[in-house]
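Single-structure report; data block below.
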2 protein chains.
Amino acid sequence: MPPPQSPKQNRMLAALSLADYTHLLPLLELVSMPAGYVIYEIGLPIRYLYFPTTCIVTRLYETENGACTQIGIIGNEGVVDISVLFGGESSHARVIVQSTGEAYRIKTGLLKSEFEAGTELRHFLLRFAHALMIQTEQIAVSNRYHTVDQQLAYFLLMSLDRLSGNELHITHEQAGIMLGVRRESVTVAANKLHMAGAIHCRRGHIAIADRNQLEASAGENYKIVKEEYERLLETYVSSATHFGRLPEKQFKRFFQSIK
Amino acid sequence: MPPPQSPKQNRMLAALSLADYTHLLPLLELVSMPAGYVIYEIGLPIRYLYFPTTCIVTRLYETENGACTQIGIIGNEGVVDISVLFGGESSHARVIVQSTGEAYRIKTGLLKSEFEAGTELRHFLLRFAHALMIQTEQIAVSNRYHTVDQQLAYFLLMSLDRLSGNELHITHEQAGIMLGVRRESVTVAANKLHMAGAIHCRRGHIAIADRNQLEASAGENYKIVKEEYERLLETYVSSATHFGRLPEKQFKRFFQSIK
DNA sequence: GTACCTATGTGTGTCGCCGTACAGAACCAC
DNA sequence: GTGGTTCTGTACGGCGACACACATAGGTAC
């Protein structure tokens, strides 16, 4: 039960051993992430990495003529943008905040050193990268075979899995940009999902009405990615038993010291 | 100038420092890779990783109803399948040999140890993973926005970059499976590219007639990925200057000892 | 050469999404 | 309330790819 506004709201950070976590803590800086804020622009260097806590973040690929597609969505289970740890010097995608919230950021060089040092953190980062790859692969398949309805359902589920409520603050226009389709197509797709009883729409908001129905509308795509992310979180938890192995007293003292 | 049938035909292996290379060498096993051979089946454990030398390999994503899409193509610049190094226990994609040739394989556990050990090899592997991610992202975009003509052009270029000749031994049917489109669509697209003077077709073969024209037909997609792979190869080369720093005599002896 | 199999070329109707245009509805500021 | 702005719903023509059907050509075995 992490206190409000703690780095532990990010599940990857929460899973770190106490030693690693306390080592990392002074390097982290809380920042607020307003929706629409462009975290990285294509081609510009990546100065900070961000561990989202309450915000969610979208990786968009933009073509030469300005058309976009979402190639990944990241919430409190991960970090953006991991590509810099793999030797990418600048961002090759545009990364923006999709849903207002907060994140902890760390200087690129610092996290890179931690990554190189080969702590448990590296293990988590690699595991997370794997989940992200699967997400991108699914989107590739989805873009070929699935209808807009299915893709919208998938997008809503992925977004709402990373938020506390069951309502998304987004317009059809914004959803269209994410999916790489017209605003009108989103409207039509949203109506279909509404007819099926899966969602409920208000101006600028989309809420889940029946989660099972929505998952059924999304198809296998969501199921596969969801499973992979559950495995990812299990990875975190099973490593987090480090906590349990520490002497109880020491653990409590540490835990309180970190605000 | 690596001799024929040397692991050095794989550019990642060739770029390793002499020490790392000689350390790895006894762990490698030459295997022949006939076209169509299924290297990994979805859900099955990954027992070996493969460093292609003269073959090329395709990562395919298969949906529940059997439809496929290529999500990556790998030749002598890399290794399959890297996902196991990131904590994936089994393959989530089907990986098959697209073009007959050879590869060196290594037991999963062994390469995993090397990777964990944090040698220069890890640096290359991560760099390669990055290029692969960009490839997948491009395919995601391509599947949304590009015509079959463009995708076919992209596919041909990516394949032929990884082969010695300028002709691909492939039928329209096979290309259709890779791209996730019908055979007829490939035929039509191939004819368009032929009309544009970009390619030349024979039964079961597609050859480049005018590379510039073909690149123009493929669009920005290819350009971006190509640049990333060139950066990858530069990474290899700049690290390979390790060779230069070794005493000349020692270098020669080592080089000859490794067949 | 003949027969057969596989690969390629072409045509027709359907479907999903796009581009464009426009009307109505929700919300906000005053 | 009123007016303006933003968001949402609907319609129509066009295009690219699909599914299916079938014709033709290249290559191979005998």
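The chains in the structure tokens are called A, B, ... from first to last as shown; in each chain the residues are counted from 1, and the ligands are counted from 1 in the order shown.
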Dump as JSON lines the rows for residues of chain C within 10 Å of chain B: closest atom pair and distance in Å with one decimal, only C-alpha atoms (C1' of nucleotides) counted, ordered by chain and rising residue number.
```
{"residue": "C:DT6", "atom": "C1'", "partner": "B:Arg203", "partner_atom": "CA", "distance": 9.8}
{"residue": "C:DA7", "atom": "C1'", "partner": "B:Arg203", "partner_atom": "CA", "distance": 6.4}
{"residue": "C:DT8", "atom": "C1'", "partner": "B:Thr187", "partner_atom": "CA", "distance": 7.2}
{"residue": "C:DG9", "atom": "C1'", "partner": "B:Thr187", "partner_atom": "CA", "distance": 7.7}
{"residue": "C:DT10", "atom": "C1'", "partner": "B:Glu184", "partner_atom": "CA", "distance": 9.6}
```
Keeping only N, CA and C atoms (P, O5', C5', C4', C3', O3' and C1' of nucleotides), take the residues you just selected and write them out as a PDB file, in the first residue's frame.
```
ATOM      1  P    DT C   6       0.806 -29.686 -57.351  1.00  0.00           P
ATOM      2  O5'  DT C   6       1.501 -28.274 -57.513  1.00  0.00           O
ATOM      3  C5'  DT C   6       2.819 -28.198 -57.995  1.00  0.00           C
ATOM      4  C4'  DT C   6       3.036 -26.870 -58.686  1.00  0.00           C
ATOM      5  C3'  DT C   6       2.544 -25.656 -57.869  1.00  0.00           C
ATOM      6  O3'  DT C   6       3.638 -24.796 -57.689  1.00  0.00           O
ATOM      7  C1'  DT C   6       1.855 -25.509 -60.123  1.00  0.00           C
ATOM      8  P    DA C   7       3.566 -23.510 -56.742  1.00  0.00           P
ATOM      9  O5'  DA C   7       3.545 -22.325 -57.810  1.00  0.00           O
ATOM     10  C5'  DA C   7       4.574 -22.248 -58.782  1.00  0.00           C
ATOM     11  C4'  DA C   7       4.196 -21.220 -59.815  1.00  0.00           C
ATOM     12  C3'  DA C   7       3.756 -19.880 -59.231  1.00  0.00           C
ATOM     13  O3'  DA C   7       4.545 -18.863 -59.825  1.00  0.00           O
ATOM     14  C1'  DA C   7       2.174 -20.650 -60.835  1.00  0.00           C
ATOM     15  P    DT C   8       4.341 -17.344 -59.424  1.00  0.00           P
ATOM     16  O5'  DT C   8       3.313 -16.871 -60.554  1.00  0.00           O
ATOM     17  C5'  DT C   8       3.739 -16.867 -61.896  1.00  0.00           C
ATOM     18  C4'  DT C   8       2.601 -16.429 -62.789  1.00  0.00           C
ATOM     19  C3'  DT C   8       2.041 -15.028 -62.525  1.00  0.00           C
ATOM     20  O3'  DT C   8       2.158 -14.289 -63.728  1.00  0.00           O
ATOM     21  C1'  DT C   8       0.294 -16.573 -62.805  1.00  0.00           C
ATOM     22  P    DG C   9       1.815 -12.741 -63.716  1.00  0.00           P
ATOM     23  O5'  DG C   9       0.361 -12.721 -64.357  1.00  0.00           O
ATOM     24  C5'  DG C   9       0.205 -13.111 -65.707  1.00  0.00           C
ATOM     25  C4'  DG C   9      -1.251 -12.993 -66.124  1.00  0.00           C
ATOM     26  C3'  DG C   9      -1.905 -11.639 -65.829  1.00  0.00           C
ATOM     27  O3'  DG C   9      -2.543 -11.194 -67.020  1.00  0.00           O
ATOM     28  C1'  DG C   9      -3.242 -13.403 -64.958  1.00  0.00           C
ATOM     29  P    DT C  10      -3.154  -9.781 -67.142  1.00  0.00           P
ATOM     30  O5'  DT C  10      -4.703 -10.045 -66.842  1.00  0.00           O
ATOM     31  C5'  DT C  10      -5.370 -11.060 -67.562  1.00  0.00           C
ATOM     32  C4'  DT C  10      -6.815 -11.170 -67.134  1.00  0.00           C
ATOM     33  C3'  DT C  10      -7.483  -9.843 -66.733  1.00  0.00           C
ATOM     34  O3'  DT C  10      -8.651  -9.698 -67.510  1.00  0.00           O
ATOM     35  C1'  DT C  10      -7.941 -11.525 -65.138  1.00  0.00           C
TER      36       DT C  10
END
```
Pull the closest atom pair for each residue of chain A that gets at most 6 Å from chain B, along with the distance in Å to one decimal, counting only C-alpha atoms, ordering rows by chain and then ascending residue number, as CSV.
```
residue,atom,partner,partner_atom,distance
A:Phe86,CA,B:Leu126,CA,5.0
A:Gly87,CA,B:Arg127,CA,5.5
A:Leu126,CA,B:Phe86,CA,5.0
A:Arg127,CA,B:Phe86,CA,5.3
A:His130,CA,B:Phe86,CA,5.9
A:Ala140,CA,B:Ala140,CA,3.7
A:Asn143,CA,B:Arg144,CA,5.2
A:Arg144,CA,B:Asn143,CA,5.1
```
Residue list (alpha helix (DSSP H), DSSP) for segment 3-203 of chain A, as an MDAnalysis selection string
chainID A and resid 11:14 18:24 108:117 120:145 148:160 172:179 183:195
Quick one: contact table of chain B to chain D, 8 Å max, nearest atom pair and distance in Å to one decimal per residue, counting only C-alpha atoms (C1' of nucleotides), chain and number order, as a tab-separated table?
```
residue	atom	partner	partner_atom	distance
B:Thr147	CA	D:DG16	C1'	7.8
B:Arg182	CA	D:DC18	C1'	7.9
B:Ser185	CA	D:DA17	C1'	7.7
B:Arg203	CA	D:DG26	C1'	6.7
```
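Put simply, atom CA of Ser113 of chain B is 20.9 Å away from atom CA of Lys8 of chain B.
Going from atom CA of Gly78 of chain A to atom CA of Met12 of chain A covers 6.1 Å.
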*asked:* as a VMD selection string, please: the residues near Ala153 of chain A (cut-off 9 Å, only C-alpha atoms (C1' of nucleotides), same-chain neighbours under 4 positions excluded).
replied: chain A and resid 148 to 149 157 to 158 189 to 190 193 198 214 to 219 222
Can those selected residues be exported to a file as a PDB file, in the first residue's frame so that it contains C-alpha atoms?
```pdb
ATOM      1  CA  VAL A 148     -12.111  -0.097 -36.494  1.00  0.00           C
ATOM      2  CA  ASP A 149     -14.631  -1.383 -33.938  1.00  0.00           C
ATOM      3  CA  LEU A 157      -9.346  -1.665 -22.758  1.00  0.00           C
ATOM      4  CA  MET A 158      -5.623  -0.990 -22.873  1.00  0.00           C
ATOM      5  CA  ALA A 189     -17.410   2.331 -34.284  1.00  0.00           C
ATOM      6  CA  ALA A 190     -18.334   3.818 -30.914  1.00  0.00           C
ATOM      7  CA  LEU A 193     -19.962  -0.768 -29.401  1.00  0.00           C
ATOM      8  CA  ALA A 198     -20.197  -2.551 -24.314  1.00  0.00           C
ATOM      9  CA  LEU A 214     -15.999  -5.032 -24.738  1.00  0.00           C
ATOM     10  CA  GLU A 215     -13.378  -7.750 -24.462  1.00  0.00           C
ATOM     11  CA  ALA A 216     -15.421  -9.906 -26.783  1.00  0.00           C
ATOM     12  CA  SER A 217     -15.544  -7.014 -29.264  1.00  0.00           C
ATOM     13  CA  ALA A 218     -11.788  -6.554 -29.105  1.00  0.00           C
ATOM     14  CA  GLY A 219     -11.068 -10.175 -29.962  1.00  0.00           C
ATOM     15  CA  TYR A 222      -6.390  -7.893 -26.335  1.00  0.00           C
TER      16      TYR A 222
END
```
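With atom CA of Pro34 of chain A on one side and atom CA of Ile208 of chain A on the other, the separation reads 23.1 Å.
DSSP annotation of segment 32-64 of chain B from backbone atoms: strand (DSSP E) residues are Ser32, Met33, Val38, Ile39, Tyr40, Tyr48, Leu49, Tyr50, Phe51, Pro52, Ile56, Val57, Thr58, Arg59, Leu60, Tyr61 and Glu62 of chain B.
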Extract, using only C-alpha atoms (C1' of nucleotides), all DNA, RNA and protein residues at most 6 Å from Ser90 of chain B, discarding same-chain residues fewer than 4 positions from it, and format them as a PyMOL selection string.
-> chain B and resi 43-46
Could the residues in this selection be saved with C-alpha atoms as a CSV table (one decimal), in the first residue's frame?
```
chain,number,residue,atom,x,y,z
B,43,GLY,CA,4.1,-21.6,-27.7
B,44,LEU,CA,6.9,-24.0,-27.8
B,45,PRO,CA,10.2,-23.4,-25.9
B,46,ILE,CA,13.1,-21.9,-27.6
```
